[in-house]
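As stored in model.pdb (PDB, C-alpha atoms):
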MODEL        1
ATOM      1  CA  MET A   1      -2.342  30.378 -22.959
ATOM      2  CA  LYS A   2      -0.514  27.436 -21.415
ATOM      3  CA  LYS A   3       1.626  27.451 -18.300
ATOM      4  CA  THR A   4       3.099  24.794 -16.027
ATOM      5  CA  PHE A   5       3.461  25.395 -12.306
ATOM      6  CA  TYR A   6       5.749  23.361 -10.054
ATOM      7  CA  PHE A   7       4.480  23.910  -6.496
ATOM      8  CA  ILE A   8       6.677  22.766  -3.624
ATOM      9  CA  ARG A   9       6.651  23.192   0.119
ATOM     10  CA  HIS A  10       9.805  24.595   1.739
ATOM     11  CA  GLY A  11      12.433  22.350   3.343
ATOM     12  CA  GLN A  12      12.457  21.359   6.982
ATOM     13  CA  THR A  13      13.239  23.844   9.761
ATOM     14  CA  ASP A  14      14.196  23.175  13.364
ATOM     15  CA  LEU A  15      10.796  24.487  14.394
ATOM     16  CA  ASN A  16       9.128  21.863  12.158
ATOM     17  CA  LEU A  17      11.239  19.243  13.890
ATOM     18  CA  LYS A  18      10.475  20.511  17.393
ATOM     19  CA  GLY A  19       6.749  20.902  16.807
ATOM     20  CA  ILE A  20       6.774  24.676  17.258
ATOM     21  CA  VAL A  21       4.065  26.572  15.411
ATOM     22  CA  GLN A  22       5.507  28.704  12.613
ATOM     23  CA  GLY A  23       2.970  30.382  10.375
ATOM     24  CA  ARG A  24       3.316  33.670   8.567
ATOM     25  CA  GLY A  25       4.836  35.547  11.494
ATOM     26  CA  VAL A  26       7.789  33.235  12.243
ATOM     27  CA  ASN A  27      10.722  33.621   9.845
ATOM     28  CA  SER A  28      12.782  30.518  10.573
ATOM     29  CA  PRO A  29      15.675  29.202   8.431
ATOM     30  CA  LEU A  30      16.153  25.699   7.081
ATOM     31  CA  ASN A  31      18.007  23.184   9.199
ATOM     32  CA  ALA A  32      20.570  20.672   7.858
ATOM     33  CA  THR A  33      17.841  18.253   6.796
ATOM     34  CA  GLY A  34      15.977  21.041   5.022
ATOM     35  CA  ILE A  35      19.109  22.017   3.121
ATOM     36  CA  ASN A  36      19.574  18.379   2.074
ATOM     37  CA  GLN A  37      15.952  18.203   0.937
ATOM     38  CA  ALA A  38      16.407  21.387  -1.093
ATOM     39  CA  LYS A  39      19.544  19.987  -2.725
ATOM     40  CA  ALA A  40      17.810  16.702  -3.513
ATOM     41  CA  PHE A  41      14.978  18.586  -5.196
ATOM     42  CA  PHE A  42      17.447  20.732  -7.132
ATOM     43  CA  ASP A  43      19.476  17.747  -8.290
ATOM     44  CA  THR A  44      16.307  16.086  -9.592
ATOM     45  CA  TYR A  45      14.739  19.110 -11.304
ATOM     46  CA  LYS A  46      17.668  21.362 -12.263
ATOM     47  CA  GLU A  47      17.205  20.540 -15.947
ATOM     48  CA  VAL A  48      13.611  21.799 -16.003
ATOM     49  CA  PRO A  49      13.620  25.044 -18.044
ATOM     50  CA  PHE A  50      12.098  27.304 -15.396
ATOM     51  CA  ASN A  51      11.474  30.854 -16.617
ATOM     52  CA  LYS A  52      10.822  32.218 -13.139
ATOM     53  CA  VAL A  53      10.897  31.257  -9.469
ATOM     54  CA  TYR A  54       8.246  32.595  -7.097
ATOM     55  CA  ILE A  55       8.662  32.505  -3.331
ATOM     56  CA  SER A  56       6.904  33.801  -0.252
ATOM     57  CA  THR A  57       8.377  36.635   1.801
ATOM     58  CA  LEU A  58       9.726  34.118   4.338
ATOM     59  CA  LEU A  59      13.365  33.005   4.399
ATOM     60  CA  ARG A  60      12.675  29.281   4.368
ATOM     61  CA  THR A  61      11.212  29.415   0.871
ATOM     62  CA  GLU A  62      14.098  31.419  -0.586
ATOM     63  CA  GLN A  63      16.624  29.038   0.952
ATOM     64  CA  THR A  64      14.764  26.043  -0.495
ATOM     65  CA  VAL A  65      15.117  27.305  -4.073
ATOM     66  CA  ALA A  66      18.460  29.079  -3.631
ATOM     67  CA  ASN A  67      20.239  26.687  -6.013
ATOM     68  CA  PHE A  68      17.816  27.561  -8.815
ATOM     69  CA  ILE A  69      18.260  31.271  -8.152
ATOM     70  CA  ALA A  70      22.037  30.754  -8.259
ATOM     71  CA  LEU A  71      21.626  29.538 -11.853
ATOM     72  CA  GLY A  72      20.428  33.032 -12.718
ATOM     73  CA  ILE A  73      16.726  32.225 -12.932
ATOM     74  CA  PRO A  74      14.748  35.391 -12.073
ATOM     75  CA  PHE A  75      12.776  35.235  -8.840
ATOM     76  CA  GLU A  76      10.079  37.257  -7.139
ATOM     77  CA  GLU A  77       8.586  37.395  -3.651
ATOM     78  CA  LEU A  78       4.801  37.479  -3.347
ATOM     79  CA  VAL A  79       3.005  38.016  -0.038
ATOM     80  CA  GLY A  80       0.155  35.935  -1.433
ATOM     81  CA  LEU A  81       2.404  32.872  -1.105
ATOM     82  CA  ASP A  82       3.040  33.376   2.617
ATOM     83  CA  GLU A  83       1.910  30.753   5.101
ATOM     84  CA  ILE A  84      -1.400  31.259   6.888
ATOM     85  CA  SER A  85      -1.089  33.277  10.083
ATOM     86  CA  TRP A  86      -1.685  31.129  13.145
ATOM     87  CA  GLY A  87      -2.105  34.237  15.287
ATOM     88  CA  ASP A  88      -1.574  33.719  19.006
ATOM     89  CA  TYR A  89      -0.208  30.195  18.464
ATOM     90  CA  GLU A  90       2.834  31.261  16.477
ATOM     91  CA  GLY A  91       6.201  30.561  18.094
ATOM     92  CA  LYS A  92       4.665  28.263  20.707
ATOM     93  CA  VAL A  93       5.212  24.555  21.311
ATOM     94  CA  GLN A  94       2.261  22.420  20.274
ATOM     95  CA  SER A  95       0.994  21.714  23.783
ATOM     96  CA  SER A  96      -2.158  19.716  24.416
ATOM     97  CA  ASP A  97      -4.131  22.983  24.645
ATOM     98  CA  ILE A  98      -2.791  24.212  21.334
ATOM     99  CA  LEU A  99      -3.374  20.838  19.681
ATOM    100  CA  ASP A 100      -6.955  20.930  20.953
ATOM    101  CA  GLY A 101      -7.278  24.422  19.483
ATOM    102  CA  PHE A 102      -5.943  23.254  16.138
ATOM    103  CA  GLY A 103      -8.397  20.375  16.242
ATOM    104  CA  LYS A 104     -11.246  22.814  16.751
ATOM    105  CA  VAL A 105     -10.197  25.145  13.953
ATOM    106  CA  VAL A 106      -9.679  22.284  11.493
ATOM    107  CA  GLU A 107     -13.113  20.908  12.383
ATOM    108  CA  GLU A 108     -14.666  24.329  11.784
ATOM    109  CA  TRP A 109     -12.968  24.531   8.392
ATOM    110  CA  ARG A 110     -13.997  21.013   7.451
ATOM    111  CA  ASN A 111     -17.586  21.966   8.300
ATOM    112  CA  GLY A 112     -17.379  24.921   5.934
ATOM    113  CA  ASN A 113     -16.757  27.770   8.398
ATOM    114  CA  LEU A 114     -13.960  29.274   6.309
ATOM    115  CA  ASP A 115     -14.079  32.640   8.088
ATOM    116  CA  PHE A 116     -12.989  31.000  11.350
ATOM    117  CA  SER A 117      -9.431  31.593  12.575
ATOM    118  CA  ILE A 118      -7.118  31.311  15.547
ATOM    119  CA  THR A 119      -7.269  34.523  17.591
ATOM    120  CA  ASN A 120      -5.325  37.234  15.712
ATOM    121  CA  GLY A 121      -4.725  34.790  12.864
ATOM    122  CA  GLU A 122      -6.023  34.377   9.320
ATOM    123  CA  SER A 123      -9.005  32.477   8.044
ATOM    124  CA  PRO A 124      -8.884  30.318   4.900
ATOM    125  CA  ASN A 125     -11.021  32.868   3.074
ATOM    126  CA  GLU A 126      -8.473  35.579   3.829
ATOM    127  CA  VAL A 127      -5.682  33.348   2.550
ATOM    128  CA  VAL A 128      -7.626  32.526  -0.620
ATOM    129  CA  LYS A 129      -8.049  36.223  -1.343
ATOM    130  CA  ARG A 130      -4.335  36.988  -1.299
ATOM    131  CA  GLN A 131      -3.498  33.739  -3.102
ATOM    132  CA  LYS A 132      -5.829  34.605  -5.963
ATOM    133  CA  GLU A 133      -4.069  37.946  -6.311
ATOM    134  CA  ALA A 134      -0.725  36.129  -6.481
ATOM    135  CA  ILE A 135      -1.983  33.653  -9.075
ATOM    136  CA  ALA A 136      -3.452  36.451 -11.204
ATOM    137  CA  HIS A 137      -0.074  38.183 -11.118
ATOM    138  CA  MET A 138       1.770  35.036 -12.188
ATOM    139  CA  LEU A 139      -0.683  34.287 -14.978
ATOM    140  CA  ALA A 140      -0.349  37.836 -16.304
ATOM    141  CA  GLN A 141       3.395  37.559 -16.847
ATOM    142  CA  PRO A 142       4.388  36.942 -20.475
ATOM    143  CA  ASP A 143       7.115  34.499 -21.454
ATOM    144  CA  GLU A 144       6.792  32.489 -18.247
ATOM    145  CA  ASP A 145       5.692  29.113 -19.528
ATOM    146  CA  THR A 146       7.216  27.076 -16.705
ATOM    147  CA  VAL A 147       7.534  28.401 -13.168
ATOM    148  CA  LEU A 148       8.629  27.088  -9.792
ATOM    149  CA  VAL A 149       6.581  28.194  -6.777
ATOM    150  CA  CYS A 150       7.869  27.578  -3.252
ATOM    151  CA  MET A 151       5.444  28.120  -0.397
ATOM    152  CA  HIS A 152       4.141  26.546   2.826
ATOM    153  CA  GLY A 153       2.196  23.520   4.018
ATOM    154  CA  ARG A 154      -1.207  24.873   5.007
ATOM    155  CA  ALA A 155      -1.092  27.592   2.372
ATOM    156  CA  LEU A 156      -0.276  25.020  -0.313
ATOM    157  CA  ARG A 157      -3.211  22.854   0.713
ATOM    158  CA  ILE A 158      -5.514  25.854   0.434
ATOM    159  CA  MET A 159      -3.997  26.854  -2.919
ATOM    160  CA  LEU A 160      -4.526  23.407  -4.423
ATOM    161  CA  THR A 161      -8.223  23.392  -3.562
ATOM    162  CA  HIS A 162      -9.319  26.591  -5.216
ATOM    163  CA  LEU A 163      -7.030  26.169  -8.230
ATOM    164  CA  THR A 164      -8.504  22.746  -9.008
ATOM    165  CA  GLY A 165     -12.125  23.483  -8.137
ATOM    166  CA  VAL A 166     -12.140  21.445  -4.936
ATOM    167  CA  PRO A 167     -14.102  22.998  -2.035
ATOM    168  CA  VAL A 168     -11.652  24.769   0.265
ATOM    169  CA  GLN A 169     -12.987  22.860   3.285
ATOM    170  CA  GLN A 170     -11.430  19.717   1.768
ATOM    171  CA  MET A 171      -7.897  21.160   2.006
ATOM    172  CA  ASP A 172      -6.732  18.358   4.292
ATOM    173  CA  ASP A 173      -7.312  15.853   1.510
ATOM    174  CA  PHE A 174      -4.067  17.105  -0.071
ATOM    175  CA  PRO A 175      -1.034  15.565   1.674
ATOM    176  CA  HIS A 176       2.158  17.542   2.107
ATOM    177  CA  THR A 177       5.654  17.153   3.470
ATOM    178  CA  ASN A 178       8.787  19.247   3.170
ATOM    179  CA  THR A 179       9.726  19.764  -0.526
ATOM    180  CA  ALA A 180       6.891  17.551  -1.797
ATOM    181  CA  LEU A 181       5.938  18.494  -5.357
ATOM    182  CA  TYR A 182       2.658  19.091  -7.155
ATOM    183  CA  ILE A 183       2.762  19.956 -10.867
ATOM    184  CA  LEU A 184      -0.244  21.827 -12.251
ATOM    185  CA  ASP A 185      -0.852  22.558 -15.918
ATOM    186  CA  TYR A 186      -2.862  25.666 -16.789
ATOM    187  CA  GLU A 187      -4.749  26.092 -20.050
ATOM    188  CA  ASP A 188      -7.901  27.969 -21.055
ATOM    189  CA  GLY A 189      -8.623  29.120 -17.521
ATOM    190  CA  THR A 190      -8.329  25.667 -15.951
ATOM    191  CA  PHE A 191      -5.705  24.109 -13.688
ATOM    192  CA  ARG A 192      -5.135  20.351 -13.738
ATOM    193  CA  ILE A 193      -2.784  18.334 -11.543
ATOM    194  CA  SER A 194      -0.374  16.321 -13.695
ATOM    195  CA  ASP A 195       1.914  15.168 -10.866
ATOM    196  CA  TYR A 196       0.372  14.568  -7.447
ATOM    197  CA  TYR A 197       2.437  14.703  -4.248
ATOM    198  CA  ASN A 198       5.726  13.605  -5.772
ATOM    199  CA  THR A 199       8.377  12.849  -3.138
ATOM    200  CA  ALA A 200      10.613  10.573  -5.233
ATOM    201  CA  HIS A 201      13.553  12.970  -4.870
ATOM    202  CA  LEU A 202      13.516  12.357  -1.106
ATOM    203  CA  GLU A 203      14.002   8.593  -1.355
ATOM    204  CA  GLY A 204      17.145   7.489   0.423
ATOM    205  CA  LEU A 205      17.749  10.914   1.924
ATOM    206  CA  ILE A 206      19.338  10.665   5.361
ATOM    207  CA  ASP A 207      18.419  13.242   8.001
ATOM    208  CA  GLU A 208      21.314  15.092   9.595
TER     209      GLU A 208
ENDMDL
END

Please go through the file and, once you have read it, give me the structure as structure tokens.
Amino acid sequence: MKKTFYFIRHGQTDLNLKGIVQGRGVNSPLNATGINQAKAFFDTYKEVPFNKVYISTLLRTEQTVANFIALGIPFEELVGLDEISWGDYEGKVQSSDILDGFGKVVEEWRNGNLDFSITNGESPNEVVKRQKEAIAHMLAQPDEDTVLVCMHGRALRIMLTHLTGVPVQQMDDFPHTNTALYILDYEDGTFRISDYYNTAHLEGLIDE
């Protein structure tokens, strides 16, 4: 069985711009720049014969791929594609205290403590569990040779590690920005990256 997955991060939101922590529990819409990024991605990849579009349960992913859905391509929400929960930090400005807290949690993860989380948030191991369920669901669908998956920054970094056999603690080695693309080819139980962090569609885009 062969499948091709186009993984993208959602477009920009005002909370991205203002440095406010989003996460799984904050359902913010795209801003004008995010809508432009989504259109730029659509204009570049609208000829790709996607059989299905998968999104998280959060509005910003659906808005990012809305132009593909408008073409009549079937879509499905999967909770496994949701962003990691940042717990008590969600909805708050990234103050020096919160940035220090993020620094601590990222250091713990880099050192292999993948059960560590922000208070009331999710750990990477918890995210991996629900992501694997989502991937198993997508792989089980017949007649879906080429799919578009729109998700979130931290969640995407985590997804790319365990799909490609990279230790999860190395998640920060995968760069991301709004609507950046990774293409992964799946065959015989193995995922391989065929397009790494492609942002060509964003060249020349002017923020509004």

I'd like the residues picked by the PyMOL selection byres ((chain A and resi 170) around 12) written out as a PyMOL selection string, using the chain letters and numbers from the file. chain A and resi 106-114+124+154+157-162+164-169+171-175

Computed gap from CA of Leu139 (chain A) to CA of Ser85 (chain A) is 25.1 Å

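As for CA of Leu58 (chain A) and CA of Val26 (chain A), they are spaced 8.2 Å apart.
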
Would you pick out the contacts of Leu148 (chain A) at 9 Å or less, using only C-alpha atoms, so that residues sharing its chain but fewer than 6 positions from it are not included, and give the list as a PyMOL selection string?
chain A and resi 4-8+50-55+65

Please report, as JSON lines, each residue of region 138-198 of chain A lying at most 12 Å from region 66-84 of chain A, together with the nearest pair of atoms and the separation in Å rounded to one decimal; use all atoms listed in the file, and order rows by chain and ascending residue number.
{"residue": "A:Met138", "atom": "CA", "partner": "A:Leu78", "partner_atom": "CA", "distance": 9.7}
{"residue": "A:Gln141", "atom": "CA", "partner": "A:Glu76", "partner_atom": "CA", "distance": 11.8}
{"residue": "A:Glu144", "atom": "CA", "partner": "A:Pro74", "partner_atom": "CA", "distance": 10.5}
{"residue": "A:Thr146", "atom": "CA", "partner": "A:Ile73", "partner_atom": "CA", "distance": 11.5}
{"residue": "A:Val147", "atom": "CA", "partner": "A:Phe75", "partner_atom": "CA", "distance": 9.6}
{"residue": "A:Leu148", "atom": "CA", "partner": "A:Phe75", "partner_atom": "CA", "distance": 9.2}
{"residue": "A:Val149", "atom": "CA", "partner": "A:Leu81", "partner_atom": "CA", "distance": 8.5}
{"residue": "A:Cys150", "atom": "CA", "partner": "A:Leu81", "partner_atom": "CA", "distance": 7.9}
{"residue": "A:Met151", "atom": "CA", "partner": "A:Leu81", "partner_atom": "CA", "distance": 5.7}
{"residue": "A:His152", "atom": "CA", "partner": "A:Glu83", "partner_atom": "CA", "distance": 5.3}
{"residue": "A:Gly153", "atom": "CA", "partner": "A:Glu83", "partner_atom": "CA", "distance": 7.3}
{"residue": "A:Arg154", "atom": "CA", "partner": "A:Glu83", "partner_atom": "CA", "distance": 6.7}
{"residue": "A:Ala155", "atom": "CA", "partner": "A:Glu83", "partner_atom": "CA", "distance": 5.1}
{"residue": "A:Leu156", "atom": "CA", "partner": "A:Glu83", "partner_atom": "CA", "distance": 8.2}
{"residue": "A:Arg157", "atom": "CA", "partner": "A:Glu83", "partner_atom": "CA", "distance": 10.4}
{"residue": "A:Ile158", "atom": "CA", "partner": "A:Ile84", "partner_atom": "CA", "distance": 9.4}
{"residue": "A:Met159", "atom": "CA", "partner": "A:Leu81", "partner_atom": "CA", "distance": 9.0}

* Could you spell out the hits of the PyMOL selection byres ((chain A and resi 37-46) around 8) on the shown file, as a VMD selection string? -> chain A and resid 10 to 12 33 to 36 47 to 49 63 to 65 67 to 68 178 to 179 201 to 202 205

How would you write, as a ChimeraX atom specification, the residues chosen by the PyMOL selection byres ((chain A and resi 93) around 7) on this structure? /A:19-21,91-92,94-95

From CA of Lys2 (chain A) to CA of Glu62 (chain A) the spacing works out at 25.8 Å

Just checking: using all atoms listed in the file, which residue out of A:Arg24, A:Arg9, A:Asn31, A:Asp143 ends up closest to Gly121 (chain A)?
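Using all atoms listed in the file, the shortest distance to Gly121 (chain A) belongs to A:Arg24.
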
- Message: For a quick check of understanding, using only C-alpha atoms, which of A:Gln131, A:Gly25, A:Asp88, A:Ala200 has the smallest distance to Thr177 (chain A)?
- Response: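 Nearest to Thr177 (chain A): A:Ala200.
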
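Distances from A:Leu181, A:Val105, A:Ala134, A:Ile118 to Glu90 (chain A) were compared using all atoms listed in the file, and the smallest one belongs to A:Ile118.
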
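Take the candidates A:Ser194, A:Thr199, A:Ser123, A:Gln22 and check each one against Tyr89 (chain A) using only C-alpha atoms; the shortest distance goes to A:Gln22.
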
Legend entry - Among listed residues A:Pro29, A:His137, A:Lys104, A:Gly23, nearest Trp86 (chain A) (using all atoms listed in the file):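 That would be A:Gly23, the residue with the smallest distance to Trp86 (chain A).
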
inquiry  = Neighbouring residues of Tyr186 (chain A) were defined as those with any atom within 10 Å, considering only C-alpha atoms; residues of the same chain fewer than 2 positions away were excluded. Please report them as a ChimeraX atom specification.
reply    = /A:1-5,139,145,163,183-184,188-193
